[in-house]
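Undergrad: Questions regarding the structure given below will be posed in turn.
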Amino acid sequence: MANKVFMLLTFIGVPLSVIGTLMQWPSIILFILYCLTIIALSSYMGRATESLAIVAGPRIGGLLNATFGNAVELIISVFSLKAGLVGIVLASLTGSVLGNLLLVAGLSFFVGGLKFKRQEFNVFDARHNSGLLMFAVMIAFVIPEVFSINMNEAKTFSLSIGISIILILLYLAALFFKLVTHRGVYQTETEKVGHEDEEPEWGKGKAIGVLLVATLAVAYISEHLVHTFEYVGETFGWSELFIGVIIVAIVGNAAEHASAVLMAFKNKMDIAVEIAIGSTLQVAMFVLPVLVLISLFFEQSMPLVFSWQELIAMVSSVLLMVVISNDGESNWFEGLTLLAAYVIMGIGFFLL
């Protein structure tokens with residue numbers, strides 16, 4: 001049923017988005033149309049990556065899902081930087097961290113927990129990811145904020161570039177560690193069994209084709225979505241921070257939201273957790289540093305400096321996720337706790 005709705009939204013939304021853009025329809029209508037179409041396209045990306053995950057296994061599958069889910073975020077952010085909306089980019093990346101750790105993981109734990117009393121996932125992966133989360137958010141994001149207080153703009157940006165390069169290198173090293181040098185070392189019995197009993201929805205060729213076409217369509221729509229932010233913010237009284245943290249982050253991460261919850265419902269918690277936490281790590285250690293470097297080519301550069309509200313929200317999310325996930329088990333109540341934290345932060349950003 002859901003697939004039919006998304007198919008309908010895609011086949012109606014994409015042509016309407018093109019027509020609406022060319023005919024310059026009202027910004028509010030275009031904003032809603034663009035958001036719904038991106039979410040529908042994200043569902044195709046999610047289904048394609050699920051097919052690839054069955055072929056490639058949970059770790060590669062989770063990585064693929066995080067990468068293509070974050071492709072939407074990266075595309076929207078690049079066009080936002082091009083338009084000089086640095087505040088919205090930083091806010092959307094904050095929202096992505098909060099959304100993945102609290103909303104995506106929370107919904108996965110909650111929905112999966114309603115069907116299964118207790119769900120397990122790889123405890124070694126959880127602990128490995130916890131260390132990286134603490135590093136990426138609590139060291140790489142807090143340090144620039146603290147040190148930049150006594151720095152001028154040029155030095156702050158030099159610090160941001162240095163930290164961005166270190167983050168990218170460490171992220172690549174983390175992938176090498178998990179997928180090459182220590183591949184299979186920390187596998188659970190479930191992972192060893194594999195996915196032999198499952199048939200992918202689409203073959204490898206079709207799944208890759210769908211991913212590429214959907215990503216290109218998202219790129220086109222995202223470029224025009226960015227230009228509606230200012231008008232929408234003024235109309236509804238939303239701050240740049242709220243648009244970035246909640247609206248752009250939810251639209252940009254729709255693929256992961258849908259995929260992770262679906263995986264949790266099927267009791268594939270290793271993939272669900274890999275999507276939620278893996279996506280957060282990819283945003284913090286790869287997408288954000290890459291955007292800092294890309295911003296060098298635009299009129300307005302983006303330093304790696306968040307507001308205190310954004311930083312405290314991200315640090316709190318990381319600490320909560322680390323405490324909840326470190327035992328390698330989840331239930332519906334832990335999911336509800338994560339969701340409650342997301343709603344509290346959402347109210348705070350709305351009222352700022």
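Identifiers in this document derive from the order of the structure tokens: chains are assigned A, B, ..., residues are numbered from 1 separately in each chain, and ligands are numbered from 1 in order of occurrence.
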I'd like the contact shell of region 216-222 of chain A - 8 Å cut-off, only C-alpha atoms, skipping same-chain residues fewer than 2 positions apart - returned as a list in words.

TA: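 Returned residues: Val14, Ser17, Tyr34, Ile38, Leu41, Val72, Ile75, Ile76, Phe79, Leu212, Val213, Ala214, His224, Leu225 and Val226 of chain A.
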
Undergrad: Check which residues of region 239-308 of chain A sit at most 9 Å from region 133-140 of chain A using only C-alpha atoms, and return one row each with the closest pair of atoms and their distance in Å to one decimal, ordered by chain and rising number, as JSON lines.

TA:
```
{"residue": "A:Ile277", "atom": "CA", "partner": "A:Leu133", "partner_atom": "CA", "distance": 8.2}
{"residue": "A:Thr280", "atom": "CA", "partner": "A:Leu133", "partner_atom": "CA", "distance": 8.0}
{"residue": "A:Leu281", "atom": "CA", "partner": "A:Leu133", "partner_atom": "CA", "distance": 6.4}
{"residue": "A:Ala284", "atom": "CA", "partner": "A:Ala136", "partner_atom": "CA", "distance": 6.1}
{"residue": "A:Met285", "atom": "CA", "partner": "A:Ala136", "partner_atom": "CA", "distance": 6.2}
{"residue": "A:Leu304", "atom": "CA", "partner": "A:Ala140", "partner_atom": "CA", "distance": 8.8}
```

Undergrad: Which residue out of A:Val290, A:Ser96, A:Met269, A:Gln119 has the minimum interatomic distance to Tyr171 (chain A) when only C-alpha atoms are used?

TA: A:Val290

Undergrad: Restricting the calculation to only C-alpha atoms, which member of A:Asn326, A:Glu73, A:Ser279, A:Leu311 is positioned closest to Val104 (chain A)?

TA: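 When distances to Val104 (chain A) are compared using only C-alpha atoms, the smallest one comes from A:Ser279.
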
Undergrad: Report, in Å with one decimal, the straight-line distance from CA of Ile168 (chain A) to CA of Ile275 (chain A).

TA: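 Those two atoms sit 18.9 Å apart.
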
Undergrad: Applying 8 Å and only C-alpha atoms, which residues near Met321 (chain A) remain after dropping the ones on its own chain fewer than 6 positions away? List them as a PyMOL selection string.

TA: chain A and resi 101-102+338

Undergrad: What does the structure give for the distance between CA of Ile246 (chain A) and CA of Gly348 (chain A), in Å to one decimal?

TA: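 Interatomic distance, CA of Ile246 (chain A) to CA of Gly348 (chain A): 11.1 Å.
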
Undergrad: Can you work out the spacing between CA of Asn3 (chain A) and CA of Trp202 (chain A) in Å, to one decimal?

TA: 13.8 Å

Undergrad: Using only C-alpha atoms, which of the listed residues (A:Val323, A:Ile344, A:Ala207, A:Leu93) sits closest to Gln282 (chain A)?

TA: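 Once distances to Gln282 (chain A) are computed over only C-alpha atoms, the minimum belongs to A:Leu93.
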
Undergrad: Of the candidates A:Met263, A:Val305, A:Leu167, A:Leu90, which shows the shortest atom-to-atom distance to Ile143 (chain A), using only C-alpha atoms?

TA: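 Nearest to Ile143 (chain A): A:Val305.
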
Undergrad: Show me, as a list in words, the residues that have an atom within 8 Å of Val210 (chain A) when counting only C-alpha atoms, minus same-chain residues fewer than 5 positions from it.

TA: Tyr44, Met45 and Ala48 of chain A

Undergrad: Could you give me, as JSON, numbers by chain, each residue of region 20-129 of chain A that DSSP assigns to alpha helix (DSSP H) when run on this structure's backbone?

TA: {"A": [20, 21, 22, 23, 27, 28, 29, 30, 31, 32, 33, 34, 35, 36, 37, 38, 39, 40, 41, 42, 43, 44, 45, 46, 47, 48, 49, 50, 51, 52, 53, 54, 55, 56, 58, 59, 60, 61, 62, 63, 64, 65, 66, 67, 68, 69, 70, 71, 72, 73, 74, 75, 76, 77, 78, 79, 80, 81, 82, 86, 87, 88, 89, 90, 91, 92, 93, 94, 95, 96, 97, 98, 105, 106, 107, 108, 109, 110, 111, 112, 113, 114, 115, 123, 124, 125, 126, 127, 128, 129]}

Undergrad: Hey, which of A:Ala71, A:Leu241, A:Ala173, A:Phe229 ends up closest to Gln309 (chain A)? Count only C-alpha atoms.

TA: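 Of the candidates, the smallest distance to Gln309 (chain A) is held by A:Leu241.
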
Undergrad: I want to know what sits within 8 Å of Ser80 (chain A), based on only C-alpha atoms, with residues of the same chain fewer than 6 positions away left out; could you give that as a ChimeraX atom specification?

TA: /A:86,88-89,223,226

Undergrad: How would the residues just picked look written out with all heavy atoms as a PDB file, in the first residue's frame?

TA:
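The file below, out_15.pdb, is the result:
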```pdb
ATOM      1  N   VAL A  86      24.260  29.714   4.945  1.00  0.00           N
ATOM      2  CA  VAL A  86      25.172  28.946   5.803  1.00  0.00           C
ATOM      3  C   VAL A  86      24.482  28.495   7.089  1.00  0.00           C
ATOM      4  O   VAL A  86      24.648  27.356   7.542  1.00  0.00           O
ATOM      5  CB  VAL A  86      26.436  29.783   6.134  1.00  0.00           C
ATOM      6  CG1 VAL A  86      27.286  29.109   7.201  1.00  0.00           C
ATOM      7  CG2 VAL A  86      27.265  29.985   4.872  1.00  0.00           C
ATOM      8  N   ILE A  88      21.331  27.795   7.610  1.00  0.00           N
ATOM      9  CA  ILE A  88      20.413  26.674   7.346  1.00  0.00           C
ATOM     10  C   ILE A  88      21.195  25.373   7.156  1.00  0.00           C
ATOM     11  O   ILE A  88      20.767  24.313   7.610  1.00  0.00           O
ATOM     12  CB  ILE A  88      19.517  26.971   6.120  1.00  0.00           C
ATOM     13  CG1 ILE A  88      18.379  27.910   6.546  1.00  0.00           C
ATOM     14  CG2 ILE A  88      18.942  25.692   5.513  1.00  0.00           C
ATOM     15  CD1 ILE A  88      17.326  28.176   5.500  1.00  0.00           C
ATOM     16  N   VAL A  89      22.372  25.454   6.521  1.00  0.00           N
ATOM     17  CA  VAL A  89      23.185  24.251   6.306  1.00  0.00           C
ATOM     18  C   VAL A  89      23.638  23.670   7.651  1.00  0.00           C
ATOM     19  O   VAL A  89      23.468  22.469   7.919  1.00  0.00           O
ATOM     20  CB  VAL A  89      24.411  24.556   5.411  1.00  0.00           C
ATOM     21  CG1 VAL A  89      25.317  23.329   5.314  1.00  0.00           C
ATOM     22  CG2 VAL A  89      23.970  24.979   4.026  1.00  0.00           C
ATOM     23  N   GLU A 223      17.565  21.842  -5.685  1.00  0.00           N
ATOM     24  CA  GLU A 223      18.073  23.159  -6.107  1.00  0.00           C
ATOM     25  C   GLU A 223      16.965  24.211  -6.021  1.00  0.00           C
ATOM     26  O   GLU A 223      17.197  25.348  -5.618  1.00  0.00           O
ATOM     27  CB  GLU A 223      18.617  23.078  -7.533  1.00  0.00           C
ATOM     28  CG  GLU A 223      19.208  24.401  -7.983  1.00  0.00           C
ATOM     29  CD  GLU A 223      19.860  24.338  -9.355  1.00  0.00           C
ATOM     30  OE1 GLU A 223      19.709  23.319 -10.055  1.00  0.00           O
ATOM     31  OE2 GLU A 223      20.516  25.324  -9.720  1.00  0.00           O
ATOM     32  N   VAL A 226      15.509  24.983  -2.144  1.00  0.00           N
ATOM     33  CA  VAL A 226      16.304  25.950  -1.369  1.00  0.00           C
ATOM     34  C   VAL A 226      15.768  27.377  -1.504  1.00  0.00           C
ATOM     35  O   VAL A 226      15.742  28.142  -0.537  1.00  0.00           O
ATOM     36  CB  VAL A 226      17.792  25.874  -1.818  1.00  0.00           C
ATOM     37  CG1 VAL A 226      18.590  27.058  -1.323  1.00  0.00           C
ATOM     38  CG2 VAL A 226      18.411  24.574  -1.327  1.00  0.00           C
TER      39      VAL A 226
END
```
